[in-house]
file upload-v9.cif (mmCIF, C-alpha atoms)
data_upload
loop_
_atom_site.group_PDB
_atom_site.id
_atom_site.type_symbol
_atom_site.label_atom_id
_atom_site.label_comp_id
_atom_site.auth_asym_id
_atom_site.auth_seq_id
_atom_site.Cartn_x
_atom_site.Cartn_y
_atom_site.Cartn_z
ATOM 1 C CA ILE A 1 0.000 0.000 0.000
ATOM 2 C CA ARG A 2 2.758 2.456 0.983
ATOM 3 C CA VAL A 3 4.836 1.797 -2.143
ATOM 4 C CA THR A 4 2.067 1.845 -4.759
ATOM 5 C CA GLY A 5 -0.691 3.907 -3.178
ATOM 6 C CA PHE A 6 -3.249 1.150 -3.932
ATOM 7 C CA ASP A 7 -5.116 -0.165 -0.893
ATOM 8 C CA THR A 8 -6.699 -3.610 -0.579
ATOM 9 C CA ASN A 9 -10.065 -2.379 -1.920
ATOM 10 C CA ASP A 10 -8.324 -1.184 -5.097
ATOM 11 C CA VAL A 11 -6.648 -4.500 -5.879
ATOM 12 C CA MET A 12 -8.455 -7.493 -4.357
ATOM 13 C CA GLY A 13 -9.956 -9.715 -7.049
ATOM 14 C CA LYS A 14 -8.341 -7.704 -9.871
ATOM 15 C CA ASN A 15 -6.023 -9.273 -12.427
ATOM 16 C CA LEU A 16 -2.474 -8.309 -11.465
ATOM 17 C CA VAL A 17 -1.050 -8.283 -14.987
ATOM 18 C CA ASP A 18 -4.033 -6.815 -16.836
ATOM 19 C CA ASP A 19 -4.729 -4.046 -14.333
ATOM 20 C CA PHE A 20 -1.400 -3.054 -12.781
ATOM 21 C CA ILE A 21 1.494 -3.903 -15.111
ATOM 22 C CA THR A 22 2.657 -1.575 -17.895
ATOM 23 C CA THR A 23 1.955 -2.763 -21.452
ATOM 24 C CA GLU A 24 5.510 -3.666 -22.430
ATOM 25 C CA PHE A 25 5.978 -5.792 -19.297
ATOM 26 C CA LYS A 26 2.643 -7.654 -19.353
ATOM 27 C CA LYS A 27 4.049 -10.584 -21.333
ATOM 28 C CA PRO A 28 7.274 -11.173 -19.320
ATOM 29 C CA VAL A 29 5.465 -10.757 -15.966
ATOM 30 C CA ARG A 30 2.717 -13.137 -17.113
ATOM 31 C CA ASN A 31 5.407 -15.663 -18.135
ATOM 32 C CA VAL A 32 7.086 -15.465 -14.704
ATOM 33 C CA LEU A 33 3.746 -16.026 -12.965
ATOM 34 C CA LYS A 34 2.833 -18.915 -15.294
ATOM 35 C CA LYS A 35 6.145 -20.607 -14.534
ATOM 36 C CA ALA A 36 5.560 -20.220 -10.786
ATOM 37 C CA LEU A 37 2.097 -21.783 -11.239
ATOM 38 C CA LEU A 38 3.897 -24.775 -12.762
ATOM 39 C CA GLY A 39 6.311 -24.943 -9.817
ATOM 40 C CA GLU A 40 9.215 -23.128 -11.491
ATOM 41 C CA GLU A 41 10.114 -20.223 -9.252
ATOM 42 C CA THR A 42 11.919 -17.046 -10.366
ATOM 43 C CA ALA A 43 14.338 -14.936 -8.338
ATOM 44 C CA ASN A 44 15.339 -11.312 -8.912
ATOM 45 C CA PHE A 45 12.998 -10.517 -11.782
ATOM 46 C CA GLU A 46 12.913 -6.775 -12.382
ATOM 47 C CA PHE A 47 9.838 -4.947 -13.665
ATOM 48 C CA PRO A 48 8.036 -1.606 -13.284
ATOM 49 C CA LEU A 49 4.743 -1.289 -11.399
ATOM 50 C CA MET A 50 2.499 1.733 -11.917
ATOM 51 C CA ASN A 51 1.457 3.656 -8.808
ATOM 52 C CA LYS A 52 -2.105 4.749 -8.099
ATOM 53 C CA GLY A 53 -2.969 7.675 -10.343
ATOM 54 C CA ALA A 54 -0.363 6.510 -12.896
ATOM 55 C CA THR A 55 1.950 9.390 -11.950
ATOM 56 C CA ARG A 56 5.130 7.343 -11.618
ATOM 57 C CA LEU A 57 6.665 3.911 -12.121
ATOM 58 C CA ILE A 58 8.009 1.921 -9.188
ATOM 59 C CA ASN A 59 10.823 -0.468 -10.102
ATOM 60 C CA ILE A 60 10.281 -3.798 -8.364
ATOM 61 C CA LEU A 61 12.757 -6.637 -7.886
ATOM 62 C CA LEU A 62 10.552 -9.719 -7.550
ATOM 63 C CA ASN A 63 10.914 -13.252 -6.247
ATOM 64 C CA ALA A 64 7.940 -15.273 -7.532
ATOM 65 C CA THR A 65 7.316 -18.267 -5.254
ATOM 66 C CA THR A 66 4.875 -21.106 -5.849
ATOM 67 C CA ARG A 67 2.069 -21.275 -3.240
ATOM 68 C CA ARG A 68 0.832 -24.739 -2.233
ATOM 69 C CA ASP A 69 -1.944 -26.039 -0.032
ATOM 70 C CA ILE A 70 -1.726 -28.670 2.697
ATOM 71 C CA SER A 71 -1.892 -31.414 0.044
ATOM 72 C CA ASN A 72 1.061 -29.831 -1.825
ATOM 73 C CA GLU A 73 -1.239 -28.791 -4.671
ATOM 74 C CA ILE A 74 -0.335 -25.508 -6.365
ATOM 75 C CA VAL A 75 -2.941 -22.873 -5.508
ATOM 76 C CA GLY A 76 -1.235 -19.655 -6.560
ATOM 77 C CA VAL A 77 1.873 -17.518 -6.448
ATOM 78 C CA VAL A 78 3.354 -15.314 -3.748
ATOM 79 C CA GLY A 79 5.495 -12.447 -4.986
ATOM 80 C CA ILE A 80 8.042 -10.995 -2.592
ATOM 81 C CA GLY A 81 9.218 -7.688 -3.960
ATOM 82 C CA GLN A 82 11.676 -4.975 -3.190
ATOM 83 C CA ASP A 83 11.344 -1.352 -4.277
ATOM 84 C CA ILE A 84 14.566 -0.619 -6.177
ATOM 85 C CA THR A 85 13.437 2.680 -7.723
ATOM 86 C CA ALA A 86 16.067 4.671 -5.793
ATOM 87 C CA ARG A 87 18.770 2.211 -6.831
ATOM 88 C CA ILE A 88 17.715 2.464 -10.495
ATOM 89 C CA ASN A 89 17.845 6.263 -10.274
ATOM 90 C CA GLN A 90 21.310 6.039 -8.716
ATOM 91 C CA GLU A 91 22.458 3.711 -11.497
ATOM 92 C CA GLN A 92 21.182 6.145 -14.100
ATOM 93 C CA GLU A 93 23.099 8.970 -12.422
ATOM 94 C CA TYR A 94 26.142 6.684 -12.205
ATOM 95 C CA ALA A 95 25.813 5.916 -15.923
ATOM 96 C CA LYS A 96 25.732 9.664 -16.688
ATOM 97 C CA LEU A 97 28.854 10.204 -14.576
ATOM 98 C CA ILE A 98 30.648 7.351 -16.355
ATOM 99 C CA ASP A 99 29.653 8.655 -19.771
ATOM 100 C CA SER A 100 30.888 12.162 -19.060
ATOM 101 C CA ALA A 101 34.050 11.172 -17.135
ATOM 102 C CA ASN A 102 37.364 12.554 -18.373
ATOM 103 C CA ALA A 103 38.883 9.063 -18.591
ATOM 104 C CA PRO A 104 38.209 6.176 -20.975
ATOM 105 C CA ILE A 105 35.823 3.774 -19.230
ATOM 106 C CA PHE A 106 34.533 0.511 -20.623
ATOM 107 C CA GLY A 107 32.528 -2.368 -19.201
ATOM 108 C CA ILE A 108 32.107 -6.008 -20.123
ATOM 109 C CA ASP A 109 29.584 -8.656 -19.130
ATOM 110 C CA VAL A 110 30.499 -12.117 -17.827
ATOM 111 C CA ASN A 111 31.121 -13.283 -21.408
ATOM 112 C CA GLY A 112 33.629 -10.538 -22.109
ATOM 113 C CA ASN A 113 31.283 -8.571 -24.360
ATOM 114 C CA VAL A 114 31.307 -4.772 -24.194
ATOM 115 C CA ASN A 115 28.296 -3.195 -22.456
ATOM 116 C CA VAL A 116 29.774 0.148 -21.352
ATOM 117 C CA TRP A 117 31.783 2.523 -23.561
ATOM 118 C CA ASN A 118 31.926 6.140 -22.488
ATOM 119 C CA GLN A 119 32.464 9.350 -24.466
ATOM 120 C CA CYS A 120 36.149 9.555 -23.573
ATOM 121 C CA ALA A 121 36.697 6.001 -24.848
ATOM 122 C CA ILE A 122 35.061 7.111 -28.103
ATOM 123 C CA ARG A 123 37.373 10.149 -28.380
ATOM 124 C CA VAL A 124 40.506 8.175 -27.547
ATOM 125 C CA THR A 125 39.895 5.152 -29.792
ATOM 126 C CA GLY A 126 37.616 6.491 -32.540
ATOM 127 C CA PHE A 127 35.215 3.584 -31.960
ATOM 128 C CA ASP A 128 31.676 4.706 -31.115
ATOM 129 C CA THR A 129 29.148 2.662 -29.152
ATOM 130 C CA ASN A 130 27.683 1.127 -32.326
ATOM 131 C CA ASP A 131 31.147 -0.223 -33.173
ATOM 132 C CA VAL A 132 31.750 -1.906 -29.831
ATOM 133 C CA MET A 133 28.533 -2.787 -27.985
ATOM 134 C CA GLY A 134 28.047 -6.554 -27.786
ATOM 135 C CA LYS A 135 31.472 -7.236 -29.300
ATOM 136 C CA ASN A 136 34.105 -9.217 -27.425
ATOM 137 C CA LEU A 137 36.630 -6.745 -26.035
ATOM 138 C CA VAL A 138 39.662 -9.028 -26.176
ATOM 139 C CA ASP A 139 38.885 -10.813 -29.448
ATOM 140 C CA ASP A 140 37.966 -7.692 -31.396
ATOM 141 C CA PHE A 141 39.987 -4.794 -29.939
ATOM 142 C CA ILE A 142 43.171 -6.062 -28.282
ATOM 143 C CA THR A 143 46.367 -6.716 -30.244
ATOM 144 C CA THR A 144 47.396 -10.364 -30.617
ATOM 145 C CA GLU A 145 50.324 -10.340 -28.204
ATOM 146 C CA PHE A 146 48.232 -8.764 -25.442
ATOM 147 C CA LYS A 147 45.081 -10.880 -25.811
ATOM 148 C CA LYS A 148 46.203 -13.449 -23.240
ATOM 149 C CA PRO A 149 47.328 -11.043 -20.455
ATOM 150 C CA VAL A 150 44.272 -8.779 -20.900
ATOM 151 C CA ARG A 151 41.972 -11.818 -20.862
ATOM 152 C CA ASN A 152 43.667 -12.984 -17.640
ATOM 153 C CA VAL A 153 43.137 -9.600 -15.960
ATOM 154 C CA LEU A 154 39.446 -9.616 -16.922
ATOM 155 C CA LYS A 155 39.007 -13.236 -15.806
ATOM 156 C CA LYS A 156 40.497 -12.388 -12.414
ATOM 157 C CA ALA A 157 38.125 -9.434 -12.046
ATOM 158 C CA LEU A 158 35.215 -11.737 -12.924
ATOM 159 C CA LEU A 159 36.326 -13.864 -9.969
ATOM 160 C CA GLY A 160 36.488 -10.825 -7.686
ATOM 161 C CA GLU A 161 40.269 -10.233 -7.923
ATOM 162 C CA GLU A 162 40.753 -6.655 -9.095
ATOM 163 C CA THR A 163 43.846 -5.301 -10.863
ATOM 164 C CA ALA A 164 45.321 -1.796 -10.687
ATOM 165 C CA ASN A 165 47.672 -0.080 -13.155
ATOM 166 C CA PHE A 166 47.773 -2.784 -15.809
ATOM 167 C CA GLU A 167 49.306 -1.413 -19.008
ATOM 168 C CA PHE A 168 48.261 -2.602 -22.466
ATOM 169 C CA PRO A 169 47.854 -1.243 -26.003
ATOM 170 C CA LEU A 170 44.432 -0.715 -27.564
ATOM 171 C CA MET A 171 44.089 -0.407 -31.341
ATOM 172 C CA ASN A 172 42.299 2.669 -32.645
ATOM 173 C CA LYS A 173 39.598 2.566 -35.307
ATOM 174 C CA GLY A 174 41.212 1.981 -38.671
ATOM 175 C CA ALA A 175 44.186 0.249 -36.981
ATOM 176 C CA THR A 176 46.412 3.259 -37.723
ATOM 177 C CA ARG A 177 47.883 3.591 -34.239
ATOM 178 C CA LEU A 178 48.138 1.962 -30.818
ATOM 179 C CA ILE A 179 46.877 3.744 -27.700
ATOM 180 C CA ASN A 180 48.723 2.761 -24.528
ATOM 181 C CA ILE A 181 46.189 2.366 -21.723
ATOM 182 C CA LEU A 182 46.874 2.162 -17.979
ATOM 183 C CA LEU A 183 43.927 0.176 -16.675
ATOM 184 C CA ASN A 184 42.183 -0.420 -13.352
ATOM 185 C CA ALA A 185 39.905 -3.468 -13.725
ATOM 186 C CA THR A 186 37.093 -3.429 -11.158
ATOM 187 C CA THR A 187 34.582 -6.185 -10.463
ATOM 188 C CA ARG A 188 30.969 -5.178 -11.158
ATOM 189 C CA ARG A 189 28.230 -6.674 -8.953
ATOM 190 C CA ASP A 190 24.434 -6.588 -8.938
ATOM 191 C CA ILE A 191 22.093 -5.865 -6.023
ATOM 192 C CA SER A 192 22.497 -9.478 -4.801
ATOM 193 C CA ASN A 193 26.296 -9.056 -4.794
ATOM 194 C CA GLU A 194 26.572 -11.458 -7.738
ATOM 195 C CA ILE A 195 29.382 -10.665 -10.180
ATOM 196 C CA VAL A 196 27.894 -9.443 -13.470
ATOM 197 C CA GLY A 197 30.924 -8.051 -15.250
ATOM 198 C CA VAL A 198 33.944 -5.789 -15.104
ATOM 199 C CA VAL A 199 34.391 -2.033 -15.345
ATOM 200 C CA GLY A 200 37.715 -0.850 -16.714
ATOM 201 C CA ILE A 201 38.846 2.688 -15.911
ATOM 202 C CA GLY A 202 41.755 3.722 -18.062
ATOM 203 C CA GLN A 203 44.119 6.588 -18.607
#
call {"tool": "encode", "arguments": {"input": "upload-v9.cif", "output": "structure tokens"}}
result
Amino acid sequence: IRVTGFDTNDVMGKNLVDDFITTEFKKPVRNVLKKALLGEETANFEFPLMNKGATRLINILLNATTRRDISNEIVGVVGIGQDITARINQEQEYAKLIDSANAPIFGIDVNGNVNVWNQCAIRVTGFDTNDVMGKNLVDDFITTEFKKPVRNVLKKALLGEETANFEFPLMNKGATRLINILLNATTRRDISNEIVGVVGIGQ
């Protein structure tokens, strides 16, 4: 009630997905609930919930748990949520700070694919976000002789072992020159403290 503004009279007997979920999230939320009704529970599913009056979206991190009766028959789903709106806003501000930072900053996911590439990285290398997003950092942008050591640094960071002041060359767009980068490789974690990637801050 406090988070959404809806009281029990507003919601009891209403269809959760049809009446309270934004259009673009109806299908994925419905799928999560259907799975839970089949006994397949979902943890840390993120979706927006509209508040009463439709004046703002509340970002919810949801654990959908199967509900069973005394005979172990499935009778519904219990959703345990967490309001992460403030965290999302902080992340957006953090993303703005990264993008405007006066140092080349990149990020990779757990597969080594680029998912962060700030404006300074664009200026330094000549590669824009369309050139790099989703590409493998080591395979596509690191010179042959440095692929192995850079991959090792990133692997360590993906295991929680961070590296400071690692020096390596990065090829610019067009392969006309090498840019020598001094890198700090930092482990990136989600709200559950699970490792989700690496952020590299260079100079």
call {"tool": "resolve_selection", "arguments": {"input": "upload-v9.cif", "expression": "the PyMOL selection byres ((chain A and resi 102-106) around 12)", "output": "count of residues only"}}
result
51
call {"tool": "atom_distance", "arguments": {"input": "upload-v9.cif", "atom1": "CA of Lys35 in chain A", "atom2": "CA of Phe20 in chain A"}}
result
19.2 Å
call {"tool": "residues_near_point", "arguments": {"input": "upload-v9.cif", "point": "(15.0, -11.5, -8.5)", "cutoff": "9 Å", "atoms": "all atoms listed in the file", "output": "list in words"}}
result
Thr42, Ala43, Asn44, Phe45, Glu46, Leu61, Leu62, Asn63, Ala64, Gly81 and Ser192 of chain A
call {"tool": "residues_around", "arguments": {"input": "upload-v9.cif", "residues": "Asp18 in chain A", "least_positions_apart": "4", "cutoff": "12 Å", "atoms": "all atoms listed in the file", "output": "list in words"}}
result
Val11, Gly13, Lys14, Thr22, Thr23, Glu24, Phe25, Lys26, Lys27, Val29, Arg30, Leu49 and Met50 of chain A
call {"tool": "closest_residue", "arguments": {"input": "upload-v9.cif", "among": "A:Thr143, A:Lys148, A:Val3, A:Leu33", "to": "Thr85 in chain A", "atoms": "all atoms listed in the file"}}
result
A:Val3
call {"tool": "residues_around", "arguments": {"input": "upload-v9.cif", "residues": "Phe6 in chain A", "least_positions_apart": "4", "cutoff": "9 Å", "atoms": "only C-alpha atoms", "output": "list in words"}}
result
Ile1, Arg2, Asp10, Val11, Asn51 and Lys52 of chain A
call {"tool": "closest_residue", "arguments": {"input": "upload-v9.cif", "among": "A:Lys147, A:Gly174, A:Ile142, A:Val17", "to": "Asn31 in chain A", "atoms": "all atoms listed in the file"}}
result
A:Val17
call {"tool": "resolve_selection", "arguments": {"input": "upload-v9.cif", "expression": "the PyMOL selection byres ((chain A and resi 77) around 8)", "output": "ChimeraX atom specification"}}
result
/A:33,36-37,64-67,75-76,78-79
call {"tool": "write_last_selection", "arguments": {"input": "upload-v9.cif", "atoms": "C-alpha atoms", "output": "tab-separated table (two decimals), in the coordinates of the input"}}
result
chain	number	residue	atom	x	y	z
A	33	LEU	CA	3.75	-16.03	-12.96
A	36	ALA	CA	5.56	-20.22	-10.79
A	37	LEU	CA	2.10	-21.78	-11.24
A	64	ALA	CA	7.94	-15.27	-7.53
A	65	THR	CA	7.32	-18.27	-5.25
A	66	THR	CA	4.88	-21.11	-5.85
A	67	ARG	CA	2.07	-21.28	-3.24
A	75	VAL	CA	-2.94	-22.87	-5.51
A	76	GLY	CA	-1.24	-19.66	-6.56
A	78	VAL	CA	3.35	-15.31	-3.75
A	79	GLY	CA	5.50	-12.45	-4.99
call {"tool": "atom_distance", "arguments": {"input": "upload-v9.cif", "atom1": "CA of Leu158 in chain A", "atom2": "CA of Asn59 in chain A"}}
result
27.0 Å
